[in-house]
Amino acid sequence: AIGHGGQPFAVGTPDEVLRELEAYRGRQLTHLSLNLHQPGQDSAAVRRSMRLFAREVMPVVRAW
């Protein structure tokens, strides 16, 4: 499996990513490591993904 530290990457729609991140809710974590740009990815597509993450995912995670 591809991931980091034994955990798979959270990839997909905002709802899918939030479902993956839900496992960390309430664990008093202080950091979230993001890798939003893989080698060879189109920069414009990466920027769209970053904006989507900021708009749809981060507000929910912050509210936890």
# chains A, B, ... in the order shown; residues from 1 in each chain; ligands from 1
>>> select_by_dssp(residues="chain A", states="helix (DSSP H, G or I)", output="mmCIF file with all heavy atoms, in the first residue's frame")
data_model
loop_
_atom_site.group_PDB
_atom_site.id
_atom_site.type_symbol
_atom_site.label_atom_id
_atom_site.label_comp_id
_atom_site.auth_asym_id
_atom_site.auth_seq_id
_atom_site.Cartn_x
_atom_site.Cartn_y
_atom_site.Cartn_z
ATOM 1 N N PRO A 14 -13.667 15.661 -1.561
ATOM 2 C CA PRO A 14 -13.604 16.171 -0.188
ATOM 3 C C PRO A 14 -14.297 15.251 0.818
ATOM 4 O O PRO A 14 -13.749 15.007 1.902
ATOM 5 C CB PRO A 14 -14.301 17.529 -0.288
ATOM 6 C CG PRO A 14 -13.983 17.985 -1.676
ATOM 7 C CD PRO A 14 -14.082 16.719 -2.502
ATOM 8 N N ASP A 15 -15.447 14.703 0.470
ATOM 9 C CA ASP A 15 -16.144 13.799 1.390
ATOM 10 C C ASP A 15 -15.336 12.529 1.648
ATOM 11 O O ASP A 15 -15.273 12.043 2.779
ATOM 12 C CB ASP A 15 -17.522 13.428 0.852
ATOM 13 C CG ASP A 15 -18.520 14.568 0.963
ATOM 14 O OD1 ASP A 15 -18.312 15.478 1.795
ATOM 15 O OD2 ASP A 15 -19.518 14.540 0.216
ATOM 16 N N GLU A 16 -14.693 11.996 0.618
ATOM 17 C CA GLU A 16 -13.875 10.796 0.790
ATOM 18 C C GLU A 16 -12.654 11.068 1.674
ATOM 19 O O GLU A 16 -12.314 10.266 2.548
ATOM 20 C CB GLU A 16 -13.435 10.253 -0.575
ATOM 21 C CG GLU A 16 -14.577 9.683 -1.379
ATOM 22 C CD GLU A 16 -14.216 9.413 -2.835
ATOM 23 O OE1 GLU A 16 -13.293 10.062 -3.378
ATOM 24 O OE2 GLU A 16 -14.880 8.553 -3.440
ATOM 25 N N VAL A 17 -12.027 12.212 1.450
ATOM 26 C CA VAL A 17 -10.863 12.579 2.261
ATOM 27 C C VAL A 17 -11.279 12.788 3.713
ATOM 28 O O VAL A 17 -10.614 12.315 4.633
ATOM 29 C CB VAL A 17 -10.164 13.831 1.686
ATOM 30 C CG1 VAL A 17 -9.124 14.381 2.648
ATOM 31 C CG2 VAL A 17 -9.540 13.505 0.339
ATOM 32 N N LEU A 18 -12.408 13.446 3.932
ATOM 33 C CA LEU A 18 -12.876 13.656 5.303
ATOM 34 C C LEU A 18 -13.199 12.329 5.987
ATOM 35 O O LEU A 18 -12.925 12.177 7.184
ATOM 36 C CB LEU A 18 -14.093 14.584 5.313
ATOM 37 C CG LEU A 18 -13.756 16.052 5.112
ATOM 38 C CD1 LEU A 18 -14.999 16.861 4.805
ATOM 39 C CD2 LEU A 18 -13.014 16.603 6.318
ATOM 40 N N ARG A 19 -13.744 11.373 5.256
ATOM 41 C CA ARG A 19 -13.996 10.053 5.844
ATOM 42 C C ARG A 19 -12.688 9.397 6.283
ATOM 43 O O ARG A 19 -12.622 8.769 7.339
ATOM 44 C CB ARG A 19 -14.754 9.154 4.870
ATOM 45 C CG ARG A 19 -16.256 9.382 4.889
ATOM 46 C CD ARG A 19 -17.025 8.277 4.208
ATOM 47 N NE ARG A 19 -16.742 8.168 2.784
ATOM 48 C CZ ARG A 19 -17.326 8.886 1.832
ATOM 49 N NH1 ARG A 19 -18.235 9.780 2.150
ATOM 50 N NH2 ARG A 19 -17.010 8.707 0.561
ATOM 51 N N GLU A 20 -11.642 9.540 5.474
ATOM 52 C CA GLU A 20 -10.337 8.981 5.840
ATOM 53 C C GLU A 20 -9.753 9.700 7.058
ATOM 54 O O GLU A 20 -9.202 9.063 7.958
ATOM 55 C CB GLU A 20 -9.362 9.089 4.667
ATOM 56 C CG GLU A 20 -9.688 8.194 3.517
ATOM 57 C CD GLU A 20 -9.489 6.723 3.828
ATOM 58 O OE1 GLU A 20 -8.537 6.384 4.572
ATOM 59 O OE2 GLU A 20 -10.280 5.911 3.334
ATOM 60 N N LEU A 21 -9.869 11.017 7.087
ATOM 61 C CA LEU A 21 -9.301 11.794 8.191
ATOM 62 C C LEU A 21 -10.094 11.638 9.484
ATOM 63 O O LEU A 21 -9.563 11.891 10.572
ATOM 64 C CB LEU A 21 -9.216 13.270 7.805
ATOM 65 C CG LEU A 21 -8.250 13.607 6.670
ATOM 66 C CD1 LEU A 21 -8.303 15.097 6.361
ATOM 67 C CD2 LEU A 21 -6.834 13.173 6.992
ATOM 68 N N GLU A 22 -11.335 11.212 9.381
ATOM 69 C CA GLU A 22 -12.197 11.040 10.564
ATOM 70 C C GLU A 22 -11.543 10.127 11.610
ATOM 71 O O GLU A 22 -11.745 10.305 12.809
ATOM 72 C CB GLU A 22 -13.544 10.469 10.136
ATOM 73 C CG GLU A 22 -14.537 10.284 11.246
ATOM 74 C CD GLU A 22 -15.118 11.568 11.808
ATOM 75 O OE1 GLU A 22 -15.180 12.565 11.069
ATOM 76 O OE2 GLU A 22 -15.507 11.569 12.985
ATOM 77 N N ALA A 23 -10.735 9.180 11.160
ATOM 78 C CA ALA A 23 -10.066 8.260 12.084
ATOM 79 C C ALA A 23 -9.142 9.004 13.054
ATOM 80 O O ALA A 23 -8.821 8.483 14.125
ATOM 81 C CB ALA A 23 -9.268 7.223 11.301
ATOM 82 N N TYR A 24 -8.719 10.194 12.697
ATOM 83 C CA TYR A 24 -7.800 10.968 13.531
ATOM 84 C C TYR A 24 -8.515 11.980 14.415
ATOM 85 O O TYR A 24 -7.890 12.627 15.253
ATOM 86 C CB TYR A 24 -6.770 11.684 12.651
ATOM 87 C CG TYR A 24 -5.991 10.696 11.824
ATOM 88 C CD1 TYR A 24 -6.334 10.453 10.501
ATOM 89 C CD2 TYR A 24 -4.944 9.976 12.376
ATOM 90 C CE1 TYR A 24 -5.642 9.526 9.741
ATOM 91 C CE2 TYR A 24 -4.248 9.046 11.635
ATOM 92 C CZ TYR A 24 -4.595 8.823 10.319
ATOM 93 O OH TYR A 24 -3.920 7.897 9.579
ATOM 94 N N SER A 43 0.437 21.624 -12.869
ATOM 95 C CA SER A 43 0.397 22.642 -11.812
ATOM 96 C C SER A 43 -0.975 23.286 -11.652
ATOM 97 O O SER A 43 -1.408 23.564 -10.533
ATOM 98 C CB SER A 43 1.442 23.726 -12.070
ATOM 99 O OG SER A 43 2.734 23.182 -11.941
ATOM 100 N N ALA A 44 -1.672 23.521 -12.741
ATOM 101 C CA ALA A 44 -3.009 24.123 -12.655
ATOM 102 C C ALA A 44 -3.969 23.182 -11.920
ATOM 103 O O ALA A 44 -4.787 23.624 -11.100
ATOM 104 C CB ALA A 44 -3.536 24.463 -14.043
ATOM 105 N N ALA A 45 -3.871 21.894 -12.201
ATOM 106 C CA ALA A 45 -4.725 20.917 -11.527
ATOM 107 C C ALA A 45 -4.398 20.856 -10.037
ATOM 108 O O ALA A 45 -5.300 20.743 -9.194
ATOM 109 C CB ALA A 45 -4.564 19.538 -12.163
ATOM 110 N N VAL A 46 -3.130 20.960 -9.701
ATOM 111 C CA VAL A 46 -2.716 20.953 -8.301
ATOM 112 C C VAL A 46 -3.285 22.174 -7.587
ATOM 113 O O VAL A 46 -3.806 22.057 -6.474
ATOM 114 C CB VAL A 46 -1.182 20.908 -8.177
ATOM 115 C CG1 VAL A 46 -0.743 21.107 -6.730
ATOM 116 C CG2 VAL A 46 -0.645 19.589 -8.724
ATOM 117 N N ARG A 47 -3.218 23.332 -8.210
ATOM 118 C CA ARG A 47 -3.772 24.545 -7.598
ATOM 119 C C ARG A 47 -5.275 24.402 -7.379
ATOM 120 O O ARG A 47 -5.794 24.826 -6.336
ATOM 121 C CB ARG A 47 -3.453 25.769 -8.443
ATOM 122 C CG ARG A 47 -2.001 26.217 -8.290
ATOM 123 C CD ARG A 47 -1.755 27.577 -8.915
ATOM 124 N NE ARG A 47 -1.964 27.594 -10.348
ATOM 125 C CZ ARG A 47 -1.063 27.230 -11.258
ATOM 126 N NH1 ARG A 47 0.131 26.821 -10.878
ATOM 127 N NH2 ARG A 47 -1.340 27.286 -12.540
ATOM 128 N N ARG A 48 -5.992 23.814 -8.335
ATOM 129 C CA ARG A 48 -7.434 23.585 -8.152
ATOM 130 C C ARG A 48 -7.679 22.667 -6.963
ATOM 131 O O ARG A 48 -8.575 22.912 -6.149
ATOM 132 C CB ARG A 48 -8.056 22.991 -9.412
ATOM 133 C CG ARG A 48 -8.259 23.999 -10.539
ATOM 134 C CD ARG A 48 -9.132 23.447 -11.660
ATOM 135 N NE ARG A 48 -8.596 22.222 -12.251
ATOM 136 C CZ ARG A 48 -7.706 22.159 -13.243
ATOM 137 N NH1 ARG A 48 -7.227 23.273 -13.765
ATOM 138 N NH2 ARG A 48 -7.294 20.998 -13.712
ATOM 139 N N SER A 49 -6.882 21.611 -6.853
ATOM 140 C CA SER A 49 -7.033 20.682 -5.732
ATOM 141 C C SER A 49 -6.750 21.367 -4.401
ATOM 142 O O SER A 49 -7.441 21.130 -3.407
ATOM 143 C CB SER A 49 -6.094 19.488 -5.905
ATOM 144 O OG SER A 49 -6.493 18.699 -6.981
ATOM 145 N N MET A 50 -5.736 22.217 -4.383
ATOM 146 C CA MET A 50 -5.401 22.937 -3.157
ATOM 147 C C MET A 50 -6.531 23.873 -2.741
ATOM 148 O O MET A 50 -6.872 23.954 -1.553
ATOM 149 C CB MET A 50 -4.103 23.711 -3.341
ATOM 150 C CG MET A 50 -2.894 22.800 -3.480
ATOM 151 S SD MET A 50 -1.396 23.682 -3.921
ATOM 152 C CE MET A 50 -0.948 24.364 -2.331
ATOM 153 N N ARG A 51 -7.105 24.563 -3.708
ATOM 154 C CA ARG A 51 -8.233 25.460 -3.390
ATOM 155 C C ARG A 51 -9.426 24.657 -2.872
ATOM 156 O O ARG A 51 -10.094 25.061 -1.912
ATOM 157 C CB ARG A 51 -8.616 26.287 -4.609
ATOM 158 C CG ARG A 51 -7.654 27.434 -4.895
ATOM 159 C CD ARG A 51 -8.184 28.402 -5.934
ATOM 160 N NE ARG A 51 -8.317 27.801 -7.243
ATOM 161 C CZ ARG A 51 -7.370 27.772 -8.174
ATOM 162 N NH1 ARG A 51 -6.193 28.328 -7.930
ATOM 163 N NH2 ARG A 51 -7.584 27.216 -9.337
ATOM 164 N N LEU A 52 -9.696 23.513 -3.501
ATOM 165 C CA LEU A 52 -10.802 22.656 -3.070
ATOM 166 C C LEU A 52 -10.560 22.152 -1.647
ATOM 167 O O LEU A 52 -11.465 22.165 -0.814
ATOM 168 C CB LEU A 52 -10.956 21.489 -4.049
ATOM 169 C CG LEU A 52 -12.114 20.530 -3.799
ATOM 170 C CD1 LEU A 52 -13.448 21.253 -3.906
ATOM 171 C CD2 LEU A 52 -12.055 19.381 -4.793
ATOM 172 N N PHE A 53 -9.340 21.722 -1.364
ATOM 173 C CA PHE A 53 -8.994 21.270 -0.022
ATOM 174 C C PHE A 53 -9.208 22.393 0.997
ATOM 175 O O PHE A 53 -9.813 22.179 2.050
ATOM 176 C CB PHE A 53 -7.542 20.792 0.008
ATOM 177 C CG PHE A 53 -7.138 20.204 1.318
ATOM 178 C CD1 PHE A 53 -7.332 18.868 1.585
ATOM 179 C CD2 PHE A 53 -6.552 21.004 2.291
ATOM 180 C CE1 PHE A 53 -6.958 18.326 2.817
ATOM 181 C CE2 PHE A 53 -6.178 20.469 3.514
ATOM 182 C CZ PHE A 53 -6.381 19.137 3.769
ATOM 183 N N ALA A 54 -8.717 23.579 0.661
ATOM 184 C CA ALA A 54 -8.846 24.719 1.573
ATOM 185 C C ALA A 54 -10.309 25.105 1.802
ATOM 186 O O ALA A 54 -10.689 25.465 2.916
ATOM 187 C CB ALA A 54 -8.073 25.916 1.030
ATOM 188 N N ARG A 55 -11.110 25.008 0.776
ATOM 189 C CA ARG A 55 -12.510 25.425 0.856
ATOM 190 C C ARG A 55 -13.399 24.361 1.504
ATOM 191 O O ARG A 55 -14.298 24.692 2.279
ATOM 192 C CB ARG A 55 -13.013 25.753 -0.550
ATOM 193 C CG ARG A 55 -14.396 26.348 -0.604
ATOM 194 C CD ARG A 55 -14.794 26.776 -2.004
ATOM 195 N NE ARG A 55 -14.808 25.651 -2.927
ATOM 196 C CZ ARG A 55 -14.014 25.503 -4.001
ATOM 197 N NH1 ARG A 55 -13.135 26.451 -4.296
ATOM 198 N NH2 ARG A 55 -14.082 24.457 -4.769
ATOM 199 N N GLU A 56 -13.168 23.086 1.204
ATOM 200 C CA GLU A 56 -14.100 22.037 1.613
ATOM 201 C C GLU A 56 -13.620 21.176 2.790
ATOM 202 O O GLU A 56 -14.444 20.674 3.533
ATOM 203 C CB GLU A 56 -14.377 21.108 0.420
ATOM 204 C CG GLU A 56 -14.976 21.801 -0.772
ATOM 205 C CD GLU A 56 -16.407 22.236 -0.562
ATOM 206 O OE1 GLU A 56 -17.124 21.600 0.228
ATOM 207 O OE2 GLU A 56 -16.819 23.227 -1.205
ATOM 208 N N VAL A 57 -12.331 20.974 2.909
ATOM 209 C CA VAL A 57 -11.822 20.039 3.921
ATOM 210 C C VAL A 57 -11.330 20.773 5.172
ATOM 211 O O VAL A 57 -11.715 20.429 6.291
ATOM 212 C CB VAL A 57 -10.705 19.135 3.335
ATOM 213 C CG1 VAL A 57 -10.128 18.218 4.408
ATOM 214 C CG2 VAL A 57 -11.245 18.317 2.163
ATOM 215 N N MET A 58 -10.497 21.770 4.992
ATOM 216 C CA MET A 58 -9.907 22.441 6.154
ATOM 217 C C MET A 58 -10.924 23.039 7.121
ATOM 218 O O MET A 58 -10.750 22.897 8.337
ATOM 219 C CB MET A 58 -8.910 23.508 5.707
ATOM 220 C CG MET A 58 -7.545 22.942 5.330
ATOM 221 S SD MET A 58 -6.819 21.795 6.534
ATOM 222 C CE MET A 58 -6.682 22.791 7.975
ATOM 223 N N PRO A 59 -11.992 23.672 6.677
ATOM 224 C CA PRO A 59 -12.951 24.202 7.644
ATOM 225 C C PRO A 59 -13.554 23.108 8.524
ATOM 226 O O PRO A 59 -13.780 23.316 9.724
ATOM 227 C CB PRO A 59 -14.021 24.875 6.780
ATOM 228 C CG PRO A 59 -13.327 25.197 5.518
ATOM 229 C CD PRO A 59 -12.344 24.086 5.299
ATOM 230 N N VAL A 60 -13.782 21.951 7.953
ATOM 231 C CA VAL A 60 -14.351 20.836 8.733
ATOM 232 C C VAL A 60 -13.332 20.329 9.739
ATOM 233 O O VAL A 60 -13.644 20.145 10.919
ATOM 234 C CB VAL A 60 -14.805 19.692 7.787
ATOM 235 C CG1 VAL A 60 -15.277 18.494 8.586
ATOM 236 C CG2 VAL A 60 -15.891 20.164 6.841
ATOM 237 N N VAL A 61 -12.098 20.117 9.299
ATOM 238 C CA VAL A 61 -11.055 19.623 10.202
ATOM 239 C C VAL A 61 -10.788 20.627 11.303
ATOM 240 O O VAL A 61 -10.636 20.266 12.479
ATOM 241 C CB VAL A 61 -9.766 19.300 9.409
ATOM 242 C CG1 VAL A 61 -8.615 18.970 10.335
ATOM 243 C CG2 VAL A 61 -10.018 18.152 8.432
ATOM 244 N N ARG A 62 -10.772 21.892 10.957
ATOM 245 C CA ARG A 62 -10.556 22.941 11.985
ATOM 246 C C ARG A 62 -11.634 22.907 13.065
ATOM 247 O O ARG A 62 -11.360 23.185 14.230
ATOM 248 C CB ARG A 62 -10.572 24.310 11.307
ATOM 249 C CG ARG A 62 -9.277 24.983 11.394
ATOM 250 C CD ARG A 62 -9.359 26.410 10.902
ATOM 251 N NE ARG A 62 -8.190 26.594 10.097
ATOM 252 C CZ ARG A 62 -8.132 27.145 8.914
ATOM 253 N NH1 ARG A 62 -9.225 27.622 8.380
ATOM 254 N NH2 ARG A 62 -7.010 27.239 8.276
ATOM 255 N N ALA A 63 -12.864 22.610 12.675
ATOM 256 C CA ALA A 63 -13.985 22.599 13.612
ATOM 257 C C ALA A 63 -13.935 21.407 14.570
ATOM 258 O O ALA A 63 -14.635 21.398 15.577
ATOM 259 C CB ALA A 63 -15.304 22.599 12.841
#
>>> closest_residue(among="A:Gly40, A:Asn35, A:Trp64, A:Gly26", to="A:Val11", atoms="only C-alpha atoms")
A:Asn35
>>> select_by_dssp(residues="chain A", states="strand (DSSP E)", output="list of chain:residue names")
A:Gly3, A:His4, A:Gln7, A:Pro8
